[in-house]
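my_file26.txt, holding compact mmCIF, C-alpha atoms and all ligand atoms:
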# COMPACT_ATOMS: atom_id res chain seq x y z
CA MET A 11 -14.06 -18.99 -10.55
CA GLY A 12 -17.69 -19.69 -9.76
CA LYS A 13 -20.07 -17.43 -7.87
CA MET A 14 -20.44 -18.07 -4.17
CA LYS A 15 -23.93 -19.35 -3.35
CA GLN A 16 -25.37 -18.23 -0.08
CA ASN A 17 -25.99 -21.09 2.30
CA ARG A 18 -28.88 -20.15 4.56
CA VAL A 19 -29.06 -23.28 6.68
CA LYS A 20 -28.03 -22.65 10.24
CA GLU A 21 -24.75 -24.39 11.02
CA TRP A 22 -24.50 -23.75 14.75
CA ASN A 23 -26.03 -21.87 17.62
CA ALA A 24 -25.20 -18.14 17.20
CA SER A 25 -23.75 -17.90 20.72
CA LYS A 26 -21.24 -20.59 19.76
CA ARG A 27 -19.71 -18.88 16.75
CA TRP A 28 -16.21 -19.03 18.29
CA ASN A 29 -15.92 -22.73 17.67
CA PRO A 30 -13.33 -25.13 16.19
CA PHE A 31 -15.20 -25.46 12.89
CA ASN A 32 -15.39 -21.75 12.17
CA SER A 33 -12.93 -21.23 9.31
CA TYR A 34 -12.34 -17.62 10.28
CA LYS A 35 -9.82 -18.96 12.79
CA LEU A 36 -7.49 -19.06 9.80
CA LEU A 37 -7.26 -15.28 9.98
CA ALA A 38 -5.21 -15.73 13.16
CA HIS A 39 -2.38 -16.97 10.93
CA VAL A 40 -2.30 -14.26 8.31
CA GLN A 41 1.05 -12.85 9.50
CA ARG A 42 2.66 -16.26 9.16
CA TRP A 43 1.18 -16.90 5.74
CA LYS A 44 2.20 -13.48 4.45
CA GLN A 45 5.68 -14.98 4.39
CA ILE A 46 4.75 -17.49 1.69
CA ARG A 47 6.78 -15.92 -1.11
CA ARG A 48 8.70 -17.52 -3.95
CA GLY A 49 12.44 -17.72 -3.35
CA LYS A 50 12.11 -16.91 0.38
CA PRO A 51 12.26 -19.28 3.36
CA ILE A 52 8.74 -20.43 4.26
CA PRO A 53 7.63 -20.74 7.89
CA PRO A 54 6.74 -24.20 9.20
CA PRO A 55 3.06 -25.17 9.12
CA VAL A 56 0.96 -24.49 12.23
CA LEU A 57 -0.58 -27.92 11.81
CA ILE A 58 0.42 -31.05 9.98
CA THR A 59 -1.33 -34.37 9.54
CA VAL A 60 0.44 -37.64 10.31
CA ASP A 61 -0.98 -40.88 8.92
CA PRO A 62 0.56 -43.70 11.01
CA THR A 63 -0.80 -46.36 8.65
CA ASN A 64 -2.72 -46.96 5.46
CA ILE A 65 -4.27 -50.13 6.84
CA CYS A 66 -7.90 -50.21 8.02
CA ASN A 67 -10.22 -52.69 9.71
CA LEU A 68 -13.38 -51.16 8.19
CA ASN A 69 -14.45 -50.50 4.64
CA CYS A 70 -16.49 -47.28 4.54
CA VAL A 71 -18.44 -46.58 1.37
CA TRP A 72 -16.95 -43.09 1.01
CA CYS A 73 -13.37 -44.00 2.08
CA ASN A 74 -10.95 -41.25 1.05
CA ALA A 75 -8.02 -43.67 1.29
CA GLU A 76 -9.21 -46.51 -0.89
CA PHE A 77 -6.60 -45.63 -3.49
CA ILE A 78 -3.64 -45.82 -1.10
CA ARG A 79 -5.05 -48.83 0.69
CA LYS A 80 -5.14 -50.62 -2.66
CA HIS A 81 -1.79 -49.43 -3.94
CA ARG A 82 0.37 -48.87 -0.86
CA LYS A 83 -0.64 -50.55 2.40
CA ASN A 84 2.22 -49.65 4.71
CA SER A 85 2.78 -48.09 8.09
CA LEU A 86 5.25 -45.59 9.53
CA SER A 87 7.83 -47.36 11.69
CA GLU A 88 8.25 -46.66 15.39
CA LYS A 89 11.71 -45.25 14.66
CA MET A 90 10.34 -42.82 12.09
CA LEU A 91 7.48 -41.74 14.37
CA SER A 92 10.04 -41.14 17.10
CA ASP A 93 12.31 -39.12 14.76
CA LEU A 94 9.31 -37.07 13.63
CA ALA A 95 8.25 -36.39 17.22
CA ASP A 96 11.72 -34.95 17.86
CA PHE A 97 11.92 -33.01 14.60
CA LEU A 98 8.48 -31.35 14.52
CA PRO A 99 9.11 -28.95 17.43
CA ARG A 100 12.38 -27.90 15.72
CA TRP A 101 11.02 -27.37 12.19
CA GLY A 102 12.06 -23.92 10.97
CA GLU A 103 14.48 -23.19 13.82
CA GLY A 104 17.18 -20.59 13.30
CA ASN A 105 15.01 -18.09 11.42
CA PRO A 106 14.29 -14.87 13.37
CA ASN A 107 11.05 -14.29 11.43
CA TRP A 108 9.10 -16.99 13.21
CA LYS A 109 8.87 -19.22 16.22
CA PRO A 110 10.12 -22.70 15.24
CA GLY A 111 8.00 -25.80 15.33
CA VAL A 112 4.68 -27.21 14.36
CA GLU A 113 2.04 -26.28 16.94
CA ALA A 114 -0.50 -29.02 16.38
CA ILE A 115 -0.73 -32.44 14.78
CA CYS A 116 -3.76 -34.20 13.43
CA VAL A 117 -3.19 -37.96 13.66
CA ALA A 118 -5.42 -39.47 11.01
CA GLY A 119 -5.29 -41.61 7.90
CA GLY A 120 -4.79 -43.02 5.46
CA GLY A 121 -6.17 -45.94 7.36
CA GLU A 122 -7.11 -46.41 11.01
CA PRO A 123 -4.30 -44.70 12.98
CA LEU A 124 -4.68 -46.95 16.04
CA LEU A 125 -3.85 -50.01 13.94
CA ASN A 126 -0.23 -48.89 14.14
CA SER A 127 0.89 -50.09 17.57
CA ALA A 128 3.38 -47.17 17.82
CA THR A 129 0.67 -44.48 17.55
CA GLY A 130 0.18 -44.27 21.34
CA PHE A 131 3.91 -43.82 21.83
CA PHE A 132 3.96 -41.11 19.13
CA ILE A 133 1.11 -39.19 20.76
CA ASP A 134 2.83 -39.37 24.17
CA LYS A 135 6.12 -38.14 22.72
CA VAL A 136 4.75 -35.17 20.76
CA VAL A 137 2.58 -34.10 23.67
CA GLN A 138 5.66 -34.18 25.91
CA ASN A 139 7.39 -32.02 23.29
CA GLY A 140 4.69 -29.37 23.72
CA ILE A 141 2.65 -30.01 20.58
CA GLU A 142 -1.14 -30.33 20.75
CA VAL A 143 -2.65 -33.44 19.19
CA GLY A 144 -6.06 -34.25 17.73
CA VAL A 145 -6.90 -37.77 16.57
CA VAL A 146 -9.41 -38.97 14.01
CA THR A 147 -10.24 -42.63 14.59
CA ASN A 148 -12.97 -45.08 13.72
CA GLY A 149 -13.24 -45.84 17.44
CA THR A 150 -12.89 -49.62 17.30
CA LEU A 151 -9.52 -49.71 19.13
CA ILE A 152 -9.83 -46.80 21.56
CA ASP A 153 -9.78 -49.14 24.58
CA ASN A 154 -6.13 -50.08 23.81
CA TYR A 155 -4.94 -46.44 23.90
CA VAL A 156 -7.13 -44.72 26.47
CA ASP A 157 -4.32 -43.03 28.40
CA SER A 158 -2.50 -41.65 25.33
CA LEU A 159 -5.76 -40.45 23.80
CA SER A 160 -6.74 -38.71 27.02
CA HIS A 161 -3.75 -36.36 26.54
CA CYS A 162 -5.04 -35.18 23.16
CA THR A 163 -6.89 -31.88 22.81
CA TRP A 164 -9.66 -33.61 20.92
CA VAL A 165 -10.51 -37.06 19.63
CA GLY A 166 -12.94 -37.24 16.72
CA VAL A 167 -14.63 -40.59 16.32
CA SER A 168 -16.03 -41.28 12.87
CA VAL A 169 -19.27 -42.97 13.88
CA ASP A 170 -21.36 -41.68 10.96
CA ALA A 171 -24.51 -43.49 12.06
CA GLY A 172 -27.10 -43.62 14.84
CA SER A 173 -27.83 -47.34 14.69
CA SER A 174 -25.97 -50.61 14.37
CA GLN A 175 -27.76 -51.41 11.13
CA THR A 176 -26.70 -48.21 9.36
CA PHE A 177 -23.20 -48.45 10.83
CA ASN A 178 -22.68 -51.96 9.45
CA GLN A 179 -24.15 -51.00 6.10
CA LEU A 180 -21.92 -47.93 5.66
CA LYS A 181 -18.76 -49.54 7.03
CA GLY A 182 -18.87 -52.73 4.97
CA LEU A 183 -19.61 -55.01 7.94
CA SER A 184 -21.95 -57.99 8.07
CA PRO A 185 -25.35 -57.26 9.70
CA GLU A 186 -24.73 -59.33 12.86
CA LYS A 187 -21.61 -57.39 13.92
CA ASN A 188 -21.90 -55.29 17.08
CA SER A 189 -19.08 -52.86 16.29
CA PHE A 190 -21.39 -49.85 16.67
CA GLU A 191 -22.05 -50.73 20.33
CA ASN A 192 -18.31 -51.36 20.78
CA VAL A 193 -17.42 -47.92 19.38
CA VAL A 194 -20.01 -46.15 21.55
CA ASP A 195 -18.75 -48.04 24.66
CA ASN A 196 -15.18 -47.07 23.77
CA MET A 197 -16.12 -43.41 23.51
CA ALA A 198 -17.87 -43.53 26.88
CA LEU A 199 -14.83 -45.25 28.39
CA LEU A 200 -12.44 -42.57 27.08
CA ILE A 201 -14.70 -39.71 28.21
CA ASP A 202 -14.95 -41.18 31.69
CA TYR A 203 -11.20 -41.85 31.94
CA ALA A 204 -10.25 -38.34 30.77
CA LYS A 205 -12.63 -36.76 33.28
CA ARG A 206 -11.45 -38.88 36.19
CA HIS A 207 -7.78 -38.23 35.40
CA ASN A 208 -8.34 -34.56 34.76
CA THR A 209 -6.47 -34.61 31.44
CA ILE A 210 -6.79 -32.03 28.68
CA LEU A 211 -9.35 -34.20 26.87
CA GLY A 212 -11.50 -34.23 30.02
CA ALA A 213 -11.15 -30.49 30.68
CA LYS A 214 -14.28 -28.39 31.17
CA HIS A 215 -13.68 -26.65 27.88
CA PRO A 216 -16.40 -26.55 25.23
CA SER A 217 -14.01 -27.22 22.34
CA TYR A 218 -11.77 -29.90 23.88
CA GLY A 219 -12.98 -33.46 24.30
CA VAL A 220 -14.49 -36.30 22.35
CA SER A 221 -16.40 -35.44 19.22
CA TYR A 222 -18.97 -37.67 17.50
CA LYS A 223 -18.09 -37.26 13.83
CA TYR A 224 -20.79 -37.76 11.28
CA LEU A 225 -20.11 -37.82 7.58
CA LEU A 226 -23.41 -37.33 5.79
CA TYR A 227 -24.26 -39.80 3.09
CA LYS A 228 -27.55 -40.45 1.38
CA ASP A 229 -28.38 -43.35 3.74
CA ASN A 230 -27.70 -41.75 7.13
CA VAL A 231 -29.20 -38.24 6.94
CA GLY A 232 -32.35 -39.41 8.74
CA GLU A 233 -30.39 -40.54 11.82
CA MET A 234 -28.77 -37.20 12.66
CA TYR A 235 -31.05 -36.39 15.58
CA GLU A 236 -30.85 -39.87 17.13
CA SER A 237 -27.06 -39.82 16.86
CA ALA A 238 -26.82 -36.42 18.54
CA LYS A 239 -29.02 -37.68 21.40
CA LEU A 240 -26.69 -40.61 21.88
CA ALA A 241 -23.58 -38.41 21.64
CA LYS A 242 -24.94 -36.09 24.33
CA GLU A 243 -25.93 -39.01 26.56
CA ILE A 244 -22.44 -40.51 26.63
CA GLY A 245 -20.77 -37.15 27.32
CA CYS A 246 -19.36 -36.11 23.93
CA LYS A 247 -18.63 -32.39 23.76
CA HIS A 248 -20.10 -32.10 20.33
CA ILE A 249 -21.40 -33.75 17.22
CA HIS A 250 -19.97 -32.63 13.91
CA PHE A 251 -21.89 -33.20 10.68
CA ARG A 252 -20.20 -32.79 7.32
CA PRO A 253 -21.28 -34.07 3.91
CA ALA A 254 -19.14 -36.86 2.40
CA GLY A 255 -17.39 -35.84 -0.80
CA THR A 256 -16.09 -37.51 -3.95
CA THR A 257 -12.41 -38.44 -3.69
CA TRP A 258 -9.83 -37.24 -6.25
CA ASP A 259 -9.53 -40.66 -7.91
CA LYS A 260 -13.31 -41.02 -8.40
CA MET A 261 -14.01 -37.61 -9.94
CA GLY A 262 -15.95 -37.94 -13.17
CA THR A 263 -16.76 -41.62 -12.53
CA GLU A 264 -20.02 -43.33 -11.63
CA GLU A 265 -18.85 -43.43 -8.02
CA GLU A 266 -19.16 -39.68 -7.52
CA ILE A 267 -21.04 -38.83 -4.32
CA THR A 268 -24.04 -36.59 -4.90
CA PHE A 269 -26.95 -35.47 -2.76
CA SER A 270 -30.48 -35.18 -4.09
CA LYS A 271 -32.73 -32.20 -3.28
CA GLU A 272 -34.64 -34.53 -0.93
CA ASP A 273 -31.42 -35.45 0.93
CA VAL A 274 -30.61 -31.77 1.40
CA SER A 275 -34.16 -30.96 2.63
CA LEU A 276 -33.99 -33.88 5.04
CA TYR A 277 -30.65 -32.51 6.24
CA GLU A 278 -32.19 -29.09 6.86
CA GLU A 279 -35.06 -30.64 8.79
CA GLN A 280 -32.71 -32.82 10.84
CA ILE A 281 -30.17 -30.10 11.63
CA ASN A 282 -32.91 -27.77 12.87
CA LYS A 283 -34.28 -30.48 15.14
CA THR A 284 -30.79 -31.54 16.26
CA LEU A 285 -29.86 -27.95 17.17
CA GLU A 286 -32.52 -28.15 19.90
CA LEU A 287 -30.14 -30.47 21.77
CA ASP A 288 -27.47 -27.76 21.82
CA ASP A 289 -26.83 -26.34 25.31
CA GLU A 290 -23.96 -25.32 27.59
CA THR A 291 -22.62 -28.89 27.80
CA PHE A 292 -23.15 -30.08 24.24
CA SER A 293 -22.75 -28.43 20.85
CA VAL A 294 -24.16 -29.26 17.45
CA TYR A 295 -22.13 -28.28 14.40
CA GLY A 296 -23.52 -28.85 10.92
CA VAL A 297 -20.72 -27.58 8.79
CA THR A 298 -21.79 -26.50 5.33
CA HIS A 299 -19.96 -23.19 4.77
CA LYS A 300 -17.18 -25.00 2.91
CA PHE A 301 -19.56 -26.37 0.29
CA SER A 302 -22.18 -25.28 -2.20
CA SER A 303 -25.86 -25.46 -1.21
CA GLN A 304 -25.96 -28.97 -2.76
CA PHE A 305 -22.87 -29.99 -0.74
CA GLU A 306 -20.70 -29.86 -3.81
CA ARG A 307 -17.35 -28.30 -4.60
CA ALA A 308 -16.94 -24.64 -3.74
CA ASN A 309 -13.30 -24.17 -4.70
CA TYR A 310 -13.52 -20.42 -5.25
CA PHE A 311 -9.82 -19.69 -5.71
CA ASP A 312 -7.25 -20.00 -8.46
CA LYS A 313 -4.07 -21.32 -6.86
CA CYS A 314 -3.35 -23.71 -4.04
CA TYR A 315 -1.22 -21.87 -1.47
CA ALA A 316 -2.49 -24.32 1.15
CA ILE A 317 0.37 -26.62 0.17
CA PHE A 318 2.65 -24.17 2.01
CA MET A 319 0.41 -24.07 5.09
CA THR A 320 0.18 -27.73 6.00
CA ALA A 321 1.50 -31.18 5.02
CA VAL A 322 0.69 -34.86 5.38
CA ILE A 323 3.35 -37.31 6.53
CA GLU A 324 2.36 -40.67 5.08
CA PRO A 325 3.73 -44.23 5.04
CA PRO A 326 6.19 -44.93 2.20
CA ALA A 327 4.90 -45.04 -1.36
CA ASP A 328 7.04 -47.91 -2.50
CA ARG A 329 6.57 -51.31 -0.90
CA ASN A 330 10.30 -51.96 -1.39
CA ALA A 331 11.29 -48.76 0.43
CA SER A 332 13.16 -48.85 3.74
CA GLU A 333 10.75 -49.60 6.57
CA ASP A 334 11.82 -46.31 8.16
CA ALA A 335 10.81 -44.23 5.14
CA PHE A 336 7.91 -41.79 4.74
CA VAL A 337 6.17 -39.74 2.08
CA MET A 338 5.95 -35.97 2.38
CA GLY A 339 2.48 -35.32 0.99
CA LEU A 340 0.95 -31.86 0.64
CA CYS A 341 -2.78 -32.47 0.45
CA CYS A 342 -5.05 -34.66 2.58
CA ASP A 343 -7.67 -34.69 -0.19
CA ARG A 344 -5.25 -36.11 -2.74
CA ARG A 345 -3.53 -38.75 -0.66
CA GLY A 346 -1.74 -41.18 -2.96
CA ASP A 347 -1.54 -38.70 -5.85
CA GLU A 348 2.18 -38.46 -6.64
CA LYS A 349 1.65 -35.00 -8.10
CA LEU A 350 0.98 -33.73 -4.57
CA GLU A 351 4.00 -35.40 -2.99
CA LEU A 352 7.05 -33.32 -2.26
CA ALA A 353 9.09 -36.50 -1.93
CA GLY A 354 8.51 -40.21 -1.46
CA ASN A 355 10.60 -42.60 0.63
CA ILE A 356 12.44 -40.04 2.77
CA VAL A 357 14.48 -41.63 5.56
CA ASP A 358 15.97 -38.53 7.19
CA VAL A 359 13.50 -36.13 8.84
CA ASN A 360 15.92 -33.22 8.32
CA GLU A 361 15.15 -33.46 4.59
CA ILE A 362 11.78 -31.86 5.36
CA GLN A 363 13.47 -28.56 6.13
CA LYS A 364 15.40 -28.63 2.84
CA LEU A 365 12.35 -29.45 0.74
CA TRP A 366 9.95 -26.95 2.36
CA GLY A 367 9.76 -23.86 0.16
CA SER A 368 12.20 -25.35 -2.39
CA LYS A 369 11.88 -24.92 -6.16
CA ALA A 370 10.32 -28.40 -6.28
CA HIS A 371 7.65 -27.24 -3.83
CA TRP A 372 6.78 -24.19 -5.98
CA LYS A 373 6.76 -26.39 -9.07
CA ILE A 374 3.97 -28.39 -7.47
CA LEU A 375 1.97 -25.19 -6.89
CA ASP A 376 2.49 -24.16 -10.52
CA GLY A 377 1.36 -27.59 -11.74
CA ILE A 378 -1.95 -27.81 -9.84
CA ASP A 379 -4.98 -27.10 -12.01
CA VAL A 380 -7.50 -26.58 -9.21
CA ALA A 381 -10.58 -26.38 -11.45
CA VAL A 382 -9.79 -29.60 -13.29
CA GLU A 383 -7.98 -31.86 -10.84
CA CYS A 384 -9.17 -31.04 -7.35
CA PRO A 385 -12.07 -32.59 -5.50
CA ARG A 386 -14.03 -30.63 -2.89
CA CYS A 387 -11.11 -29.00 -1.11
CA THR A 388 -10.74 -29.23 2.68
CA TYR A 389 -8.42 -26.24 2.48
CA GLN A 390 -10.80 -24.11 0.45
CA PRO A 391 -11.03 -21.47 3.24
CA HIS A 392 -7.20 -21.40 3.55
CA ASN A 393 -6.85 -20.70 -0.14
CA GLU A 394 -9.64 -18.15 -0.27
CA ILE A 395 -8.22 -16.27 2.70
CA TYR A 396 -4.74 -16.30 1.18
CA GLU A 397 -6.03 -14.86 -2.10
CA GLN A 398 -8.61 -12.47 -0.72
CA VAL A 399 -7.03 -11.26 2.51
CA ILE A 400 -3.30 -11.50 1.82
CA LEU A 401 -2.90 -11.13 -1.95
CA ASN A 402 -5.88 -8.86 -2.75
CA ASP A 403 -6.18 -7.15 0.66
CA SER A 404 -9.96 -7.31 0.20
CA MET A 405 -10.56 -6.80 3.94
CA THR A 406 -7.98 -3.96 4.29
CA TYR A 407 -6.98 -6.09 7.25
CA LYS A 408 -4.61 -3.54 8.78
CA PHE A 409 -7.56 -1.21 9.49
CA ILE A 410 -8.87 -3.00 12.54
S1 LIG A 501 -7.64 -30.35 -3.09
FE1 LIG A 501 -6.42 -29.19 -4.57
S2 LIG A 501 -6.66 -27.05 -3.97
FE2 LIG A 501 -7.26 -28.30 -2.22
S3 LIG A 501 -5.41 -28.53 -0.97
FE3 LIG A 501 -5.53 -30.30 -2.34
S4 LIG A 501 -4.30 -29.70 -4.11
FE4 LIG A 501 -4.80 -27.84 -3.00
Represent the supplied structure as structure tokens.
Amino acid sequence: MGKMKQNRVKEWNASKRWNPFNSYKLLAHVQRWKQIRRGKPIPPPVLITVDPTNICNLNCVWCNAEFIRKHRKNSLSEKMLSDLADFLPRWGEGNPNWKPGVEAICVAGGGEPLLNSATGFFIDKVVQNGIEVGVVTNGTLIDNYVDSLSHCTWVGVSVDAGSSQTFNQLKGLSPEKNSFENVVDNMALLIDYAKRHNTILGAKHPSYGVSYKYLLYKDNVGEMYESAKLAKEIGCKHIHFRPAGTTWDKMGTEEEITFSKEDVSLYEEQINKTLELDDETFSVYGVTHKFSSQFERANYFDKCYAIFMTAVIEPPADRNASEDAFVMGLCCDRRGDEKLELAGNIVDVNEIQKLWGSKAHWKILDGIDVAVECPRCTYQPHNEIYEQVILNDSMTYKFI
């Protein structure tokens, strides 16, 4: 394990420390995660990710799904999405040690989730079943799903730029395309609709609503401030900056994403300026606590218990599989890596219950060599909290 480097750059306004990007929210789930023990039934995850499709209409330079888009290219069927929507609130039922059901779903990808025409139906159905939904989208198709999206707790739009030129350059589009303007108009349309219809997305709540997502890359660091101005103008609740990271299949290759000292200094300058836009209606989050000071891996833990805390339901691995099949993946950072798949081509949602916490599941944990195989881990705080707070009791958490 490496030594934790102190990151001194301000991530958010101090008065806004109770925010969705503060990883200490994971501590709220310690009692649930204490039950992750070999040979015992394991509680259902609080949150899972569902990837409705691997297909995309953009081609981002940092795409974390290039591998599956090349090798898989499939979507979840409407029938399977419907079965999942019915199963997820029941996951784990019959065990007195926990309340059954997944509590939240992140609809993401994979690819662009709104390219699956059943995604709107899926959102409506899970929301009706009492599960909260957040969606990560590239924003190009929002106008087709405004009503469904307005019932989500949050919608994160991966804009990643503050100008059409940078947008086209980073998303693999030709310079004359006006997709940037289209995405911004779509966000404004959704914000307005949600407000007028008084839906959860339009609620006067600082953490619900439309978020302007901004993955930092060497070519867009200089546009942070301009982007935040635009986000605030159209009524986004916040802008969320996060450095792009190298994907699992590109580790050790020439395509690794790195940031120079100059990029990081420019980031510091921009985040300080951007934080001036933060007020009671708009928040700026520059999330760096999950990374080293150079935005690199900070996987300061030995084992990956996160694979018992969340899961990723993905389109089938095999192009010849039944069209109603899905893959039960365990890690959003290693999508497409069979080593992190509990099963491929499942056609019965009830299988999930049988596989969760099975010997096969623990075998995956035993086989993960975090230091060698894993990219910058999204679930780094989950794993650190499991090891430090639950296993080592470093916080003597019972002494409140
Ligand atoms: S990147 Fe590695 S450590 Fe992180 S969740 Fe995935 S498998 Fe686990």
If you take all atoms listed in the file and a cut-off of 10 Å, which residues of segment 242-322 of chain A touch segment 28-47 of chain A, and what are their nearest atom pairs and distances in Å to one decimal, in chain and number order, as JSON lines?
{"residue": "A:His250", "atom": "CA", "partner": "A:Phe31", "partner_atom": "CA", "distance": 8.7}
{"residue": "A:Ser293", "atom": "CA", "partner": "A:Asn29", "partner_atom": "CA", "distance": 9.4}
{"residue": "A:Tyr295", "atom": "CA", "partner": "A:Phe31", "partner_atom": "CA", "distance": 7.6}
{"residue": "A:Gly296", "atom": "CA", "partner": "A:Phe31", "partner_atom": "CA", "distance": 9.2}
{"residue": "A:Val297", "atom": "CA", "partner": "A:Phe31", "partner_atom": "CA", "distance": 7.2}
{"residue": "A:His299", "atom": "CA", "partner": "A:Ser33", "partner_atom": "CA", "distance": 8.6}
{"residue": "A:Lys300", "atom": "CA", "partner": "A:Ser33", "partner_atom": "CA", "distance": 8.6}
{"residue": "A:Tyr315", "atom": "CA", "partner": "A:Ile46", "partner_atom": "CA", "distance": 8.1}
{"residue": "A:Ala316", "atom": "CA", "partner": "A:Trp43", "partner_atom": "CA", "distance": 9.5}
{"residue": "A:Phe318", "atom": "CA", "partner": "A:Ile46", "partner_atom": "CA", "distance": 7.0}
{"residue": "A:Met319", "atom": "CA", "partner": "A:Trp43", "partner_atom": "CA", "distance": 7.2}
Closest atom pairs, chain A residues within 10 Å of ligand LIG 501 (chain A), all atoms listed in the file, as CSV:
residue,atom,partner,partner_atom,distance
A:Thr257,CA,A:LIG501,S1,9.4
A:Trp258,CA,A:LIG501,S1,7.9
A:Asn309,CA,A:LIG501,S2,7.3
A:Tyr310,CA,A:LIG501,S2,9.6
A:Phe311,CA,A:LIG501,S2,8.2
A:Asp312,CA,A:LIG501,S2,8.4
A:Lys313,CA,A:LIG501,S2,6.9
A:Cys314,CA,A:LIG501,FE4,4.5
A:Tyr315,CA,A:LIG501,FE4,7.1
A:Ala316,CA,A:LIG501,S3,5.5
A:Ile317,CA,A:LIG501,FE4,6.2
A:Phe318,CA,A:LIG501,S3,9.6
A:Met319,CA,A:LIG501,S3,9.5
A:Thr320,CA,A:LIG501,S3,9.0
A:Ala321,CA,A:LIG501,S3,9.5
A:Leu340,CA,A:LIG501,FE3,7.3
A:Cys341,CA,A:LIG501,FE3,4.5
A:Cys342,CA,A:LIG501,FE3,6.6
A:Asp343,CA,A:LIG501,S1,5.2
A:Arg344,CA,A:LIG501,FE3,5.8
A:Arg345,CA,A:LIG501,FE3,8.8
A:Asp347,CA,A:LIG501,S4,9.6
A:Lys349,CA,A:LIG501,S4,8.9
A:Leu350,CA,A:LIG501,S4,6.7
A:Ile374,CA,A:LIG501,S4,9.0
A:Leu375,CA,A:LIG501,S4,8.2
A:Gly377,CA,A:LIG501,S4,9.7
A:Ile378,CA,A:LIG501,S4,6.5
A:Asp379,CA,A:LIG501,FE1,7.9
A:Val380,CA,A:LIG501,S2,5.3
A:Ala381,CA,A:LIG501,S2,8.5
A:Val382,CA,A:LIG501,FE1,9.4
A:Glu383,CA,A:LIG501,FE1,7.0
A:Cys384,CA,A:LIG501,FE1,4.3
A:Pro385,CA,A:LIG501,S1,5.5
A:Arg386,CA,A:LIG501,S1,6.4
A:Cys387,CA,A:LIG501,FE2,4.1
A:Thr388,CA,A:LIG501,FE2,6.1
A:Tyr389,CA,A:LIG501,S3,5.1
A:Gln390,CA,A:LIG501,FE2,6.1
A:Pro391,CA,A:LIG501,FE2,9.5
A:His392,CA,A:LIG501,S3,8.6
A:Asn393,CA,A:LIG501,S2,7.4
- Note on the structure: Closest of A:Ile281, A:Leu199, A:Val220, A:Leu124 to Cys162 of chain A, counting all atoms listed in the file, is A:Val220
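Considering all atoms listed in the file, the residue among A:Gly219, A:Pro53, A:Gly245, A:Gly172 positioned nearest to Ala198 of chain A is A:Gly245.
With all atoms listed in the file taken into account, the protein and nucleic acid residues at most 8 Å from segment 93-98 of chain A (excluding it and anything under 3 positions from it in its own chain) are Lys89, Met90, Trp101, Gly111, Val112, Phe132, Lys135, Val136, Asn139, Val359 and Asn360 of chain A.
Going from atom CA of Pro123 of chain A to atom CA of Lys80 of chain A covers 16.7 Å.
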- Message: So that I can see what lies close to Tyr203 of chain A, please list as a PyMOL selection string the residues with an atom at most 8 Å from it, counting only C-alpha atoms and leaving out residues fewer than 2 positions away in the same chain.
- Response: chain A and resi 156-157+160+199-201+205-207+212
